[in-house]
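To be precise, the following lines are coords.cif, and they hold mmCIF, N, CA and C atoms and all ligand atoms.
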data_upload
loop_
_atom_site.label_atom_id
_atom_site.label_comp_id
_atom_site.auth_asym_id
_atom_site.auth_seq_id
_atom_site.Cartn_x
_atom_site.Cartn_y
_atom_site.Cartn_z
N MET A 15 8.16 39.68 -77.08
CA MET A 15 8.98 38.95 -76.09
C MET A 15 10.41 39.47 -76.14
N GLU A 16 10.93 39.77 -74.99
CA GLU A 16 12.27 40.34 -74.92
C GLU A 16 13.35 39.28 -75.18
N VAL A 17 14.29 39.64 -76.00
CA VAL A 17 15.38 38.71 -76.31
C VAL A 17 16.32 38.64 -75.11
N GLU A 18 16.74 37.43 -74.77
CA GLU A 18 17.64 37.29 -73.63
C GLU A 18 19.09 37.43 -74.07
N HIS A 19 19.84 38.14 -73.27
CA HIS A 19 21.25 38.34 -73.56
C HIS A 19 22.08 37.90 -72.36
N THR A 20 23.33 37.66 -72.62
CA THR A 20 24.24 37.28 -71.55
C THR A 20 25.35 38.32 -71.43
N CYS A 21 25.67 38.69 -70.20
CA CYS A 21 26.73 39.66 -69.96
C CYS A 21 28.08 39.07 -70.38
N PRO A 22 28.83 39.78 -71.25
CA PRO A 22 30.12 39.25 -71.69
C PRO A 22 31.16 39.22 -70.56
N GLU A 23 30.88 39.92 -69.48
CA GLU A 23 31.84 40.00 -68.39
C GLU A 23 31.58 38.94 -67.31
N CYS A 24 30.34 38.92 -66.76
CA CYS A 24 30.07 38.03 -65.63
C CYS A 24 29.13 36.88 -66.00
N GLY A 25 28.58 36.91 -67.22
CA GLY A 25 27.70 35.82 -67.64
C GLY A 25 26.28 35.96 -67.12
N GLY A 26 25.98 37.07 -66.44
CA GLY A 26 24.65 37.30 -65.88
C GLY A 26 23.65 37.68 -66.95
N ASN A 27 22.39 37.86 -66.55
CA ASN A 27 21.34 38.27 -67.48
C ASN A 27 21.55 39.72 -67.90
N ALA A 28 21.43 39.98 -69.19
CA ALA A 28 21.59 41.33 -69.70
C ALA A 28 20.46 41.64 -70.66
N ARG A 29 20.18 42.92 -70.87
CA ARG A 29 19.13 43.31 -71.82
C ARG A 29 19.56 44.54 -72.58
N MET A 30 18.95 44.72 -73.78
CA MET A 30 19.25 45.89 -74.59
C MET A 30 18.42 47.06 -74.06
N GLU A 31 19.05 48.20 -73.93
CA GLU A 31 18.37 49.34 -73.35
C GLU A 31 18.96 50.63 -73.92
N ASP A 32 18.12 51.66 -74.04
CA ASP A 32 18.66 52.96 -74.44
C ASP A 32 19.19 53.66 -73.20
N VAL A 33 20.46 53.98 -73.21
CA VAL A 33 21.08 54.57 -72.02
C VAL A 33 21.72 55.92 -72.36
N LYS A 34 22.05 56.63 -71.31
CA LYS A 34 22.82 57.86 -71.45
C LYS A 34 24.20 57.59 -70.90
N LEU A 35 25.19 58.20 -71.53
CA LEU A 35 26.56 58.07 -71.07
C LEU A 35 27.00 59.44 -70.54
N CYS A 36 27.49 59.46 -69.31
CA CYS A 36 27.97 60.71 -68.72
C CYS A 36 29.48 60.64 -68.59
N ILE A 37 30.17 61.60 -69.17
CA ILE A 37 31.62 61.60 -69.16
C ILE A 37 32.12 62.92 -68.59
N TRP A 38 33.07 62.87 -67.68
CA TRP A 38 33.71 64.08 -67.20
C TRP A 38 34.91 64.38 -68.08
N LYS A 39 34.90 65.56 -68.71
CA LYS A 39 36.03 66.01 -69.51
C LYS A 39 36.58 67.24 -68.81
N ALA A 40 37.71 67.07 -68.12
CA ALA A 40 38.23 68.13 -67.26
C ALA A 40 37.11 68.52 -66.29
N GLU A 41 36.65 69.76 -66.31
CA GLU A 41 35.60 70.20 -65.39
C GLU A 41 34.23 70.22 -66.05
N ARG A 42 34.15 69.66 -67.27
CA ARG A 42 32.87 69.67 -67.98
C ARG A 42 32.23 68.30 -67.96
N LEU A 43 30.94 68.28 -67.74
CA LEU A 43 30.20 67.03 -67.78
C LEU A 43 29.52 66.90 -69.14
N ILE A 44 29.84 65.83 -69.85
CA ILE A 44 29.28 65.60 -71.17
C ILE A 44 28.24 64.48 -71.08
N VAL A 45 27.10 64.67 -71.71
CA VAL A 45 26.08 63.62 -71.74
C VAL A 45 25.83 63.19 -73.18
N ILE A 46 25.89 61.89 -73.42
CA ILE A 46 25.55 61.35 -74.74
C ILE A 46 24.32 60.49 -74.55
N GLU A 47 23.26 60.76 -75.33
CA GLU A 47 22.03 60.01 -75.14
C GLU A 47 21.70 59.15 -76.35
N ASP A 48 20.61 58.40 -76.25
CA ASP A 48 20.16 57.50 -77.32
C ASP A 48 21.16 56.41 -77.64
N ILE A 49 21.90 55.95 -76.64
CA ILE A 49 22.86 54.87 -76.86
C ILE A 49 22.18 53.53 -76.61
N ASN A 50 22.15 52.69 -77.64
CA ASN A 50 21.59 51.36 -77.48
C ASN A 50 22.68 50.47 -76.90
N ALA A 51 22.50 50.06 -75.65
CA ALA A 51 23.56 49.32 -74.96
C ALA A 51 23.04 48.02 -74.38
N LEU A 52 23.97 47.11 -74.18
CA LEU A 52 23.67 45.87 -73.49
C LEU A 52 23.96 46.13 -72.01
N VAL A 53 22.91 46.04 -71.18
CA VAL A 53 23.07 46.37 -69.76
C VAL A 53 22.91 45.10 -68.92
N CYS A 54 23.90 44.85 -68.06
CA CYS A 54 23.88 43.64 -67.23
C CYS A 54 23.10 43.90 -65.94
N ASP A 55 22.20 42.96 -65.59
CA ASP A 55 21.43 43.08 -64.36
C ASP A 55 22.29 42.84 -63.12
N ASP A 56 23.34 42.05 -63.28
CA ASP A 56 24.14 41.64 -62.13
C ASP A 56 25.27 42.63 -61.83
N CYS A 57 26.14 42.90 -62.80
CA CYS A 57 27.28 43.77 -62.52
C CYS A 57 27.01 45.21 -62.93
N VAL A 58 25.79 45.47 -63.49
CA VAL A 58 25.35 46.82 -63.88
C VAL A 58 26.32 47.48 -64.87
N GLU A 59 27.08 46.65 -65.55
CA GLU A 59 28.00 47.16 -66.57
C GLU A 59 27.23 47.39 -67.86
N GLN A 60 27.71 48.32 -68.70
CA GLN A 60 27.08 48.57 -69.99
C GLN A 60 28.05 48.25 -71.11
N TYR A 61 27.52 47.68 -72.20
CA TYR A 61 28.37 47.32 -73.33
C TYR A 61 27.79 47.90 -74.60
N TYR A 62 28.68 48.43 -75.45
CA TYR A 62 28.25 49.00 -76.73
C TYR A 62 28.83 48.17 -77.85
N ASP A 63 28.04 48.00 -78.92
CA ASP A 63 28.60 47.29 -80.07
C ASP A 63 29.57 48.22 -80.79
N SER A 64 30.31 47.68 -81.76
CA SER A 64 31.39 48.45 -82.38
C SER A 64 30.88 49.67 -83.15
N LEU A 65 29.67 49.55 -83.74
CA LEU A 65 29.10 50.69 -84.46
C LEU A 65 28.79 51.83 -83.48
N THR A 66 28.19 51.47 -82.34
CA THR A 66 27.88 52.49 -81.33
C THR A 66 29.16 53.11 -80.79
N ARG A 67 30.15 52.27 -80.56
CA ARG A 67 31.45 52.73 -80.06
C ARG A 67 32.06 53.72 -81.07
N TYR A 68 31.92 53.39 -82.35
CA TYR A 68 32.43 54.25 -83.42
C TYR A 68 31.72 55.61 -83.38
N LYS A 69 30.40 55.57 -83.21
CA LYS A 69 29.63 56.82 -83.18
C LYS A 69 30.01 57.69 -81.98
N ILE A 70 30.24 57.04 -80.83
CA ILE A 70 30.66 57.79 -79.64
C ILE A 70 32.02 58.45 -79.88
N ASP A 71 32.92 57.70 -80.50
CA ASP A 71 34.25 58.24 -80.83
C ASP A 71 34.14 59.43 -81.78
N ARG A 72 33.25 59.31 -82.77
CA ARG A 72 33.05 60.39 -83.74
C ARG A 72 32.54 61.65 -83.04
N LEU A 73 31.59 61.47 -82.12
CA LEU A 73 31.03 62.60 -81.39
C LEU A 73 32.12 63.34 -80.60
N GLY A 74 33.10 62.58 -80.11
CA GLY A 74 34.13 63.18 -79.27
C GLY A 74 35.33 63.70 -80.04
N GLU A 75 35.31 63.51 -81.35
CA GLU A 75 36.45 63.89 -82.19
C GLU A 75 36.93 65.31 -81.98
N ASN A 76 35.97 66.23 -81.88
CA ASN A 76 36.33 67.65 -81.74
C ASN A 76 36.35 68.10 -80.28
N GLY A 77 36.36 67.12 -79.37
CA GLY A 77 36.41 67.47 -77.95
C GLY A 77 35.06 67.89 -77.39
N PHE A 78 33.99 67.41 -78.00
CA PHE A 78 32.64 67.71 -77.54
C PHE A 78 32.39 69.22 -77.43
N LEU A 79 32.45 69.90 -78.56
CA LEU A 79 32.21 71.34 -78.58
C LEU A 79 30.76 71.65 -78.20
N LYS A 80 30.60 72.66 -77.38
CA LYS A 80 29.27 73.05 -76.94
C LYS A 80 28.36 73.40 -78.12
N GLU A 81 28.95 74.00 -79.16
CA GLU A 81 28.16 74.42 -80.33
C GLU A 81 27.63 73.21 -81.09
N GLU A 82 28.26 72.06 -80.92
CA GLU A 82 27.83 70.87 -81.65
C GLU A 82 26.82 70.05 -80.85
N ALA A 83 26.58 70.47 -79.60
CA ALA A 83 25.66 69.70 -78.74
C ALA A 83 24.23 69.85 -79.22
N ARG A 84 23.45 68.82 -79.06
CA ARG A 84 22.05 68.85 -79.44
C ARG A 84 21.29 69.83 -78.55
N ARG A 85 21.59 69.82 -77.27
CA ARG A 85 21.02 70.79 -76.35
C ARG A 85 21.92 70.86 -75.13
N VAL A 86 21.68 71.86 -74.28
CA VAL A 86 22.50 72.04 -73.10
C VAL A 86 21.64 71.93 -71.85
N LEU A 87 22.09 71.12 -70.90
CA LEU A 87 21.36 70.93 -69.65
C LEU A 87 21.97 71.79 -68.56
N GLU A 88 21.10 72.26 -67.66
CA GLU A 88 21.59 72.91 -66.47
C GLU A 88 21.65 71.83 -65.39
N VAL A 89 22.78 71.66 -64.75
CA VAL A 89 22.94 70.56 -63.80
C VAL A 89 23.12 71.09 -62.37
N PRO A 90 22.21 70.74 -61.45
CA PRO A 90 22.39 71.16 -60.06
C PRO A 90 23.54 70.37 -59.43
N VAL A 91 24.38 71.04 -58.70
CA VAL A 91 25.54 70.39 -58.07
C VAL A 91 25.41 70.46 -56.55
N PHE A 92 25.58 69.33 -55.89
CA PHE A 92 25.50 69.26 -54.44
C PHE A 92 26.84 68.81 -53.86
N SER A 93 27.07 69.11 -52.59
CA SER A 93 28.27 68.64 -51.93
C SER A 93 27.92 68.03 -50.58
N VAL A 94 28.53 66.89 -50.26
CA VAL A 94 28.26 66.26 -48.96
C VAL A 94 28.80 67.13 -47.83
N GLU A 95 29.70 68.06 -48.16
CA GLU A 95 30.24 68.96 -47.15
C GLU A 95 29.17 69.89 -46.58
N ASP A 96 28.07 70.03 -47.31
CA ASP A 96 27.01 70.93 -46.87
C ASP A 96 26.04 70.26 -45.90
N VAL A 97 26.25 68.99 -45.60
CA VAL A 97 25.36 68.28 -44.68
C VAL A 97 25.90 68.40 -43.26
N GLU A 98 25.02 68.79 -42.33
CA GLU A 98 25.41 68.88 -40.92
C GLU A 98 25.88 67.52 -40.43
N HIS A 99 26.93 67.55 -39.62
CA HIS A 99 27.59 66.31 -39.24
C HIS A 99 27.06 65.74 -37.93
N SER A 100 26.03 66.37 -37.38
CA SER A 100 25.59 65.99 -36.04
C SER A 100 24.51 64.91 -36.02
N VAL A 101 24.11 64.45 -37.20
CA VAL A 101 23.07 63.44 -37.25
C VAL A 101 23.55 62.15 -36.60
N LYS A 102 22.79 61.67 -35.63
CA LYS A 102 23.21 60.45 -34.94
C LYS A 102 22.45 59.25 -35.46
N GLU A 103 22.87 58.80 -36.60
CA GLU A 103 22.28 57.58 -37.13
C GLU A 103 23.32 56.48 -37.03
N ASP A 104 22.86 55.27 -37.14
CA ASP A 104 23.77 54.13 -37.01
C ASP A 104 25.00 54.25 -37.89
N ALA A 105 24.76 54.62 -39.15
CA ALA A 105 25.86 54.68 -40.11
C ALA A 105 26.91 55.69 -39.68
N VAL A 106 26.44 56.86 -39.18
CA VAL A 106 27.37 57.91 -38.75
C VAL A 106 28.18 57.43 -37.55
N GLU A 107 27.49 56.82 -36.58
CA GLU A 107 28.19 56.34 -35.38
C GLU A 107 29.23 55.30 -35.72
N GLU A 108 28.87 54.39 -36.61
CA GLU A 108 29.82 53.35 -36.99
C GLU A 108 31.06 53.94 -37.64
N THR A 109 30.84 54.92 -38.53
CA THR A 109 31.96 55.53 -39.22
C THR A 109 32.85 56.29 -38.25
N GLU A 110 32.21 57.00 -37.29
CA GLU A 110 32.99 57.81 -36.37
C GLU A 110 33.74 56.97 -35.33
N SER A 111 33.25 55.77 -35.07
CA SER A 111 33.94 54.90 -34.14
C SER A 111 35.12 54.21 -34.82
N GLY A 112 35.36 54.59 -36.07
CA GLY A 112 36.52 54.06 -36.77
C GLY A 112 36.24 52.78 -37.52
N LYS A 113 34.99 52.33 -37.46
CA LYS A 113 34.63 51.11 -38.20
C LYS A 113 33.67 51.51 -39.31
N PRO A 114 34.19 51.81 -40.48
CA PRO A 114 33.32 52.28 -41.56
C PRO A 114 32.36 51.20 -42.03
N SER A 115 31.10 51.62 -42.27
CA SER A 115 30.17 50.70 -42.91
C SER A 115 29.95 51.24 -44.30
N TRP A 116 30.48 50.55 -45.27
CA TRP A 116 30.47 51.06 -46.63
C TRP A 116 29.08 51.09 -47.22
N ALA A 117 28.78 52.17 -47.93
CA ALA A 117 27.47 52.34 -48.56
C ALA A 117 27.34 51.38 -49.73
N PRO A 118 26.09 51.06 -50.10
CA PRO A 118 25.89 50.17 -51.25
C PRO A 118 26.38 50.83 -52.53
N VAL A 119 26.54 50.03 -53.57
CA VAL A 119 26.97 50.57 -54.85
C VAL A 119 25.95 51.59 -55.34
N TRP A 120 26.40 52.44 -56.23
CA TRP A 120 25.59 53.57 -56.63
C TRP A 120 24.22 53.19 -57.16
N SER A 121 24.12 52.14 -57.93
CA SER A 121 22.83 51.77 -58.52
C SER A 121 21.79 51.50 -57.43
N GLU A 122 22.23 50.89 -56.31
CA GLU A 122 21.29 50.64 -55.21
C GLU A 122 20.90 51.95 -54.52
N LEU A 123 21.89 52.81 -54.36
CA LEU A 123 21.67 54.10 -53.72
C LEU A 123 20.67 54.91 -54.54
N GLU A 124 20.85 54.86 -55.86
CA GLU A 124 20.00 55.59 -56.78
C GLU A 124 18.55 55.16 -56.63
N ASP A 125 18.30 53.86 -56.40
CA ASP A 125 16.94 53.36 -56.25
C ASP A 125 16.30 53.89 -54.97
N GLU A 126 17.12 54.12 -53.94
CA GLU A 126 16.59 54.56 -52.66
C GLU A 126 16.23 56.04 -52.66
N LEU A 127 16.90 56.83 -53.48
CA LEU A 127 16.69 58.27 -53.46
C LEU A 127 15.43 58.68 -54.21
ZN ZN B 1 27.60 41.35 -65.82
#
Let's see the structure in the file written out as structure tokens.
Amino acid sequence: MEVEHTCPECGGNARMEDVKLCIWKAERLIVIEDINALVCDDCVEQYYDSLTRYKIDRLGENGFLKEEARRVLEVPVFSVEDVEHSVKEDAVEETESGKPSWAPVWSELEDEL
């Protein structure tokens, strides 16, 4: 049975989960995995206990040297500039008429893709 947790920020339902942390360091993307975090279902915020926070700090001590990485990922990079602008969908028309319709937060977008 899963232990119930409460989000320290919004008071919503939260659960313990192994997550990855992605950090941009200048032009480099750093990924830290195997992080046991408290993840909130409502605000989608993640929380680390002090030991985990300490370990993340230790990992970053030397500026995340590539030689110290467990492995290296190849990351495909896309740009919205590469999408043709002629698509006539509701969202595009609304934005072009000067009334932007804001996209959902990333977590929702991620579920749709
Ligand atoms: Zn929350």
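If you count all atoms listed in the file and ignore residues fewer than 2 places along the chain from Cys57 in chain A, what sits within 8 Å of it is Cys21, Cys24, Gly25, Gly26, Asn27, Val53, Cys54, Asp55, Glu59 and Gln60 of chain A.
Counting from CA of Asn50 in chain A, the distance to CA of Val33 in chain A is 6.4 Å.
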Subject >> Counting only N, CA and C atoms, the residue of A:Ala40, A:Val89, A:Ile49, A:Val94 that sits nearest Thr66 in chain A >> reply: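 Using only N, CA and C atoms, the shortest distance to Thr66 in chain A belongs to A:Ile49.
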Original post:
For Met30 in chain A, which residue out of A:Ile44, A:Leu79, A:Leu65, A:Leu52 is the nearest one, using only N, CA and C atoms?
Top reply: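 Nearest to Met30 in chain A: A:Leu52.
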**OP:** Mind giving me the straight-line distance from atom C of Arg29 in chain A to atom C of Asp48 in chain A in Å, one decimal?
**Re:** 13.0 Å
